[in-house]
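Undergrad: Data: start_20.txt, compact mmCIF, C-alpha atoms.
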```
# COMPACT_ATOMS: atom_id res chain seq x y z
CA MET Y 8 26.26 32.10 43.15
CA SER Y 9 29.80 33.40 43.76
CA ASP Y 10 30.16 37.14 44.36
CA SER Y 11 27.05 38.38 42.55
CA PRO Y 12 24.69 40.56 44.59
CA VAL Y 13 21.74 38.85 46.22
CA LEU Y 14 18.19 40.07 45.79
CA PHE Y 15 17.37 39.30 49.44
CA SER Y 16 18.37 36.94 52.23
CA ALA Y 17 17.05 33.38 51.91
CA SER Y 18 16.39 33.51 55.68
CA LEU Y 19 13.25 35.55 54.91
CA ILE Y 20 11.65 32.41 53.43
CA SER Y 21 10.08 30.22 56.09
CA SER Y 22 12.26 27.17 56.72
CA GLU Y 23 9.07 25.23 57.46
CA ILE Y 24 7.83 25.95 53.92
CA ALA Y 25 11.24 25.30 52.37
CA ASN Y 26 11.47 21.93 54.13
CA SER Y 27 7.97 20.90 53.04
CA LEU Y 28 8.67 20.87 49.30
CA PRO Y 29 8.63 17.53 47.47
CA ASP Y 30 11.96 15.69 47.30
CA GLY Y 31 14.37 17.21 44.81
CA PHE Y 32 12.82 20.71 44.90
CA THR Y 33 14.36 23.74 46.58
CA ILE Y 34 12.98 27.23 47.07
CA ARG Y 35 15.20 30.30 47.21
CA PRO Y 36 15.61 33.91 46.09
CA LEU Y 37 16.07 34.56 42.38
CA GLU Y 38 19.75 34.64 41.44
CA ARG Y 39 21.66 36.36 38.68
CA GLY Y 40 22.44 33.00 37.03
CA ASP Y 41 18.80 31.92 36.78
CA TYR Y 42 18.41 33.17 33.22
CA ALA Y 43 20.41 30.10 32.13
CA LYS Y 44 18.27 27.84 34.32
CA GLY Y 45 15.07 28.54 32.39
CA PHE Y 46 13.60 31.43 34.38
CA PHE Y 47 11.88 32.83 31.28
CA ASP Y 48 10.61 29.40 30.23
CA CYS Y 49 8.79 29.36 33.54
CA LEU Y 50 7.39 32.89 33.11
CA ARG Y 51 6.13 32.02 29.60
CA VAL Y 52 3.66 29.61 31.19
CA LEU Y 53 2.00 32.70 32.67
CA THR Y 54 2.21 35.30 29.91
CA TRP Y 55 4.21 36.81 27.08
CA VAL Y 56 7.63 38.02 28.21
CA GLY Y 57 9.09 39.39 24.98
CA ASP Y 58 12.56 38.69 23.66
CA VAL Y 59 14.71 39.25 26.74
CA ASP Y 60 18.36 38.28 26.44
CA GLU Y 61 20.71 37.49 29.30
CA ALA Y 62 22.19 41.00 29.41
CA GLN Y 63 18.70 42.51 29.73
CA PHE Y 64 17.82 40.03 32.46
CA THR Y 65 21.01 40.93 34.35
CA GLU Y 66 20.32 44.66 33.97
CA ARG Y 67 16.79 44.27 35.41
CA TYR Y 68 18.06 41.99 38.17
CA ASP Y 69 20.66 44.60 39.17
CA GLU Y 70 17.98 47.32 39.17
CA MET Y 71 15.92 45.19 41.56
CA VAL Y 72 18.92 44.62 43.83
CA GLU Y 73 19.51 48.40 43.95
CA ALA Y 74 15.87 49.01 44.93
CA LYS Y 75 16.54 47.51 48.35
CA ASN Y 76 13.64 46.10 50.37
CA THR Y 77 11.26 46.25 47.41
CA TYR Y 78 11.58 43.19 45.14
CA TYR Y 79 11.46 39.64 46.46
CA PHE Y 80 11.48 37.20 43.53
CA VAL Y 81 11.39 33.58 44.66
CA VAL Y 82 12.11 30.53 42.53
CA ILE Y 83 11.59 26.81 42.96
CA GLU Y 84 14.43 24.83 41.42
CA HIS Y 85 14.39 21.18 40.36
CA GLU Y 86 17.32 19.34 38.79
CA GLY Y 87 19.09 22.60 37.89
CA ARG Y 88 16.04 24.17 36.21
CA ILE Y 89 13.53 26.77 37.39
CA ALA Y 90 10.25 24.94 38.01
CA GLY Y 91 8.33 27.84 39.54
CA THR Y 92 8.52 31.51 40.33
CA GLY Y 93 6.62 34.25 42.09
CA ALA Y 94 7.27 37.74 43.36
CA LEU Y 95 6.46 39.95 46.28
CA VAL Y 96 6.74 43.67 45.57
CA VAL Y 97 6.61 45.79 48.73
CA GLU Y 98 4.83 49.14 48.55
CA LYS Y 99 5.69 51.67 51.22
CA LYS Y 100 2.54 53.50 52.35
CA PHE Y 101 1.67 56.58 54.34
CA ILE Y 102 -1.50 54.92 55.66
CA HIS Y 103 -1.56 52.17 58.31
CA GLY Y 104 1.14 53.93 60.26
CA ARG Y 105 3.44 54.11 57.23
CA GLY Y 106 2.89 50.41 56.73
CA ASN Y 107 4.14 48.10 54.01
CA CYS Y 108 1.69 46.41 51.65
CA GLY Y 109 2.81 43.37 49.69
CA HIS Y 110 1.78 42.79 46.08
CA ILE Y 111 1.96 39.18 44.88
CA GLU Y 112 2.94 38.98 41.21
CA GLU Y 113 3.94 36.57 38.46
CA ILE Y 114 3.05 33.23 40.06
CA SER Y 115 4.05 30.60 37.53
CA ILE Y 116 4.78 26.88 37.71
CA ILE Y 117 6.17 24.93 34.74
CA LYS Y 118 3.37 22.75 33.32
CA GLU Y 119 5.15 19.44 33.98
CA HIS Y 120 5.27 20.26 37.71
CA GLN Y 121 1.74 21.64 38.11
CA GLY Y 122 -0.58 19.69 40.40
CA ARG Y 123 2.17 18.92 42.94
CA GLY Y 124 1.30 21.72 45.38
CA LEU Y 125 4.17 23.96 44.25
CA GLY Y 126 1.90 26.94 43.58
CA LEU Y 127 0.57 26.76 47.13
CA LYS Y 128 4.12 26.47 48.49
CA MET Y 129 5.15 29.51 46.43
CA ILE Y 130 2.30 31.60 47.86
CA GLN Y 131 3.10 30.41 51.38
CA ALA Y 132 6.77 31.30 50.88
CA LEU Y 133 5.91 34.78 49.58
CA ASP Y 134 3.50 35.27 52.49
CA SER Y 135 6.30 34.32 54.90
CA VAL Y 136 8.63 36.85 53.26
CA ALA Y 137 5.90 39.50 53.56
CA VAL Y 138 5.46 38.81 57.26
CA ASN Y 139 9.22 38.84 57.81
CA VAL Y 140 9.64 42.24 56.11
CA GLY Y 141 6.72 43.77 58.02
CA CYS Y 142 3.86 43.84 55.52
CA TYR Y 143 0.45 44.30 57.11
CA LYS Y 144 -1.23 42.52 54.17
CA ASN Y 145 -0.65 41.00 50.76
CA ILE Y 146 -2.86 41.66 47.77
CA LEU Y 147 -2.94 40.17 44.29
CA ASN Y 148 -4.88 40.36 41.06
CA CYS Y 149 -6.09 37.30 39.22
CA GLY Y 150 -8.62 36.22 36.64
CA PRO Y 151 -11.86 34.52 37.70
CA GLN Y 152 -10.48 31.14 36.61
CA ASN Y 153 -7.67 31.41 39.19
CA GLU Y 154 -9.79 32.64 42.11
CA PRO Y 155 -10.43 29.14 43.57
CA PHE Y 156 -6.68 28.50 43.75
CA TYR Y 157 -6.02 31.73 45.64
CA VAL Y 158 -8.95 31.09 47.98
CA LYS Y 159 -7.28 27.73 48.78
CA CYS Y 160 -4.15 29.75 49.59
CA GLY Y 161 -6.04 31.85 52.15
CA TYR Y 162 -6.89 34.88 50.00
CA HIS Y 163 -10.38 36.30 49.49
CA ASN Y 164 -12.03 38.50 46.91
CA SER Y 165 -11.87 42.04 48.26
CA GLY Y 166 -12.73 44.20 45.28
CA ILE Y 167 -12.48 44.74 41.58
CA GLU Y 168 -9.25 45.08 39.66
CA MET Y 169 -9.05 48.07 37.37
CA SER Y 170 -6.35 48.73 34.78
CA ARG Y 171 -5.43 51.31 32.20
CA TYR Y 172 -2.89 50.39 29.55
CA PHE Y 173 -0.54 52.86 27.89
CA GLU Y 174 0.53 50.64 25.02
CA ALA Y 175 -1.12 49.53 21.81
CA GLU Y 176 -3.99 47.10 22.32
CA ARG Y 177 -3.02 43.44 22.13
CA ASP Y 178 -4.60 40.05 22.73
CA ALA Y 179 -4.93 38.89 26.36
CA TYR Y 180 -1.78 36.73 26.27
CA HIS Y 181 0.44 39.59 25.11
CA ARG Y 182 -1.27 42.12 27.40
CA GLY Y 183 -0.45 40.58 30.75
```
When written as structure tokens, how does the structure in this file appear?

TA:
Amino acid sequence: MSDSPVLFSASLISSEIANSLPDGFTIRPLERGDYAKGFFDCLRVLTWVGDVDEAQFTERYDEMVEAKNTYYFVVIEHEGRIAGTGALVVEKKFIHGRGNCGHIEEISIIKEHQGRGLGLKMIQALDSVAVNVGCYKNILNCGPQNEPFYVKCGYHNSGIEMSRYFEAERDAYHRG
């Protein structure tokens, strides 16, 4: 990783979770060089990402680094490629004693590695980061088809997701 800025300290990820991954897999913060390791191939499993080149990736990465204590992108790497990713975005609140609320986003595991428990490990890692940065809860949105997975991860249905888009209508894959 040389001298490039880090998104956050790897020490925020539970070592217990990191050590429980299958052999050959490591979990860590997203790095500036992960574009070349297939980060977007992993995200495409989840949804449309557009045509993002390496310079655009680097620009967004740097923006996230500058927004200290807000973005915690985690990746699972296997044999030099990104096998999974997920993000914790920390919202600073006035309620709950000016508490922090974590938002889980963009959970994606490359198809060839699905069914190995990596999604669960990703959620557990993001939960550990949330606890370590002082979040009082994590929330996430998902479709009904994914609810059983998140229940297995310890989450429960606590409401209805609402959205309002400000772009031209698209099919579900391109909408995100």

Undergrad: Excluding same-chain residues fewer than 5 positions from Thr77 of chain Y, what lies within 9 Å of it counting all atoms listed in the file, as a PyMOL selection string?

TA: chain Y and resi 71-72+95-99

Undergrad: Work out how far apart atom CA of Leu14 of chain Y and atom CA of Gly57 of chain Y are and give it in Å to one decimal.

TA: 22.7 Å

Undergrad: Take the point (11.6, 38.2, 54.5) in the file's coordinates, draw a sphere of radius 10 Å around it, and report as a PDB file with C-alpha atoms, in the coordinates of the input every protein, DNA or RNA residue with an atom inside or on it, counting only C-alpha atoms.

TA:
```
ATOM      1  CA  PHE Y  15      17.370  39.300  49.440  1.00  0.00           C
ATOM      2  CA  SER Y  16      18.370  36.940  52.230  1.00  0.00           C
ATOM      3  CA  ALA Y  17      17.050  33.380  51.910  1.00  0.00           C
ATOM      4  CA  SER Y  18      16.390  33.510  55.680  1.00  0.00           C
ATOM      5  CA  LEU Y  19      13.250  35.550  54.910  1.00  0.00           C
ATOM      6  CA  ILE Y  20      11.650  32.410  53.430  1.00  0.00           C
ATOM      7  CA  SER Y  21      10.080  30.220  56.090  1.00  0.00           C
ATOM      8  CA  ASN Y  76      13.640  46.100  50.370  1.00  0.00           C
ATOM      9  CA  TYR Y  79      11.460  39.640  46.460  1.00  0.00           C
ATOM     10  CA  LEU Y  95       6.460  39.950  46.280  1.00  0.00           C
ATOM     11  CA  ALA Y 132       6.770  31.300  50.880  1.00  0.00           C
ATOM     12  CA  LEU Y 133       5.910  34.780  49.580  1.00  0.00           C
ATOM     13  CA  ASP Y 134       3.500  35.270  52.490  1.00  0.00           C
ATOM     14  CA  SER Y 135       6.300  34.320  54.900  1.00  0.00           C
ATOM     15  CA  VAL Y 136       8.630  36.850  53.260  1.00  0.00           C
ATOM     16  CA  ALA Y 137       5.900  39.500  53.560  1.00  0.00           C
ATOM     17  CA  VAL Y 138       5.460  38.810  57.260  1.00  0.00           C
ATOM     18  CA  ASN Y 139       9.220  38.840  57.810  1.00  0.00           C
ATOM     19  CA  VAL Y 140       9.640  42.240  56.110  1.00  0.00           C
ATOM     20  CA  GLY Y 141       6.720  43.770  58.020  1.00  0.00           C
ATOM     21  CA  CYS Y 142       3.860  43.840  55.520  1.00  0.00           C
TER      22      CYS Y 142
END
```

Undergrad: Just want the 9 Å neighbourhood of Cys149 of chain Y, counted on all atoms listed in the file, with same-chain residues fewer than 5 positions away dropped. Output as a PDB file with C-alpha atoms, in the frame of the given file.

TA:
```
ATOM      1  CA  GLU Y 154      -9.790  32.640  42.110  1.00  0.00           C
ATOM      2  CA  TYR Y 157      -6.020  31.730  45.640  1.00  0.00           C
ATOM      3  CA  GLU Y 168      -9.250  45.080  39.660  1.00  0.00           C
TER       4      GLU Y 168
END
```

Undergrad: Which residues of segment 66-153 of chain Y come within 8 Å of segment 44-50 of chain Y, and for each one, what is the closest pair of atoms and their distance in Å to one decimal, counting all atoms listed in the file, sorted by chain and residue number, as JSON lines?

TA:
```
{"residue": "Y:Gly87", "atom": "CA", "partner": "Y:Lys44", "partner_atom": "CA", "distance": 6.4}
{"residue": "Y:Arg88", "atom": "CA", "partner": "Y:Lys44", "partner_atom": "CA", "distance": 4.7}
{"residue": "Y:Ile89", "atom": "CA", "partner": "Y:Gly45", "partner_atom": "CA", "distance": 5.5}
{"residue": "Y:Ala90", "atom": "CA", "partner": "Y:Cys49", "partner_atom": "CA", "distance": 6.5}
{"residue": "Y:Gly91", "atom": "CA", "partner": "Y:Cys49", "partner_atom": "CA", "distance": 6.2}
{"residue": "Y:Thr92", "atom": "CA", "partner": "Y:Cys49", "partner_atom": "CA", "distance": 7.1}
{"residue": "Y:Glu113", "atom": "CA", "partner": "Y:Leu50", "partner_atom": "CA", "distance": 7.4}
{"residue": "Y:Ser115", "atom": "CA", "partner": "Y:Leu50", "partner_atom": "CA", "distance": 6.0}
{"residue": "Y:Ile116", "atom": "CA", "partner": "Y:Cys49", "partner_atom": "CA", "distance": 6.3}
{"residue": "Y:Ile117", "atom": "CA", "partner": "Y:Cys49", "partner_atom": "CA", "distance": 5.3}
```

Undergrad: Pick out the residues sitting within 8 Å of Lys144 of chain Y, and hand them over as a PDB file with C-alpha atoms, keeping the file's coordinate frame; count all atoms listed in the file, and ignore anything fewer than 6 positions along from it in its own chain.

TA:
```pdb
ATOM      1  CA  ASN Y 107       4.140  48.100  54.010  1.00  0.00           C
ATOM      2  CA  CYS Y 108       1.690  46.410  51.650  1.00  0.00           C
ATOM      3  CA  GLY Y 109       2.810  43.370  49.690  1.00  0.00           C
ATOM      4  CA  ALA Y 137       5.900  39.500  53.560  1.00  0.00           C
TER       5      ALA Y 137
END
```

Undergrad: By how many Å are atom CA of Ile130 of chain Y and atom CA of Tyr162 of chain Y apart?

TA: 10.0 Å

Undergrad: Enclose all atoms of segment 48-54 of chain Y listed in the file in an axis-aligned box, grow every side by 8 Å, and hand back centre and edge lengths in Å to one decimal, as JSON.

TA:
```
{"center_x": 6.3, "center_y": 32.3, "center_z": 31.6, "size_x": 24.6, "size_y": 21.9, "size_z": 19.9}
```

Undergrad: Between atom CA of His103 of chain Y and atom CA of Gly166 of chain Y, what is the spacing in Å?

TA: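 If I compute the distance from atom CA of Gly166 of chain Y to atom CA of His103 of chain Y, I get 18.9 Å.
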
Undergrad: Which polymer residues, protein or nucleic acid, are no farther than 6 Å from (15.2, 32.2, 48.3), counting all atoms listed in the file, as a list in words?

TA: Ala17, Ile34, Arg35, Pro36 and Val81 of chain Y

Undergrad: Taking only C-alpha atoms into account, name the residue in Y:Tyr42, Y:Glu119, Y:His110, Y:Ile167 that is nearest to Tyr78 of chain Y.

TA: Y:His110
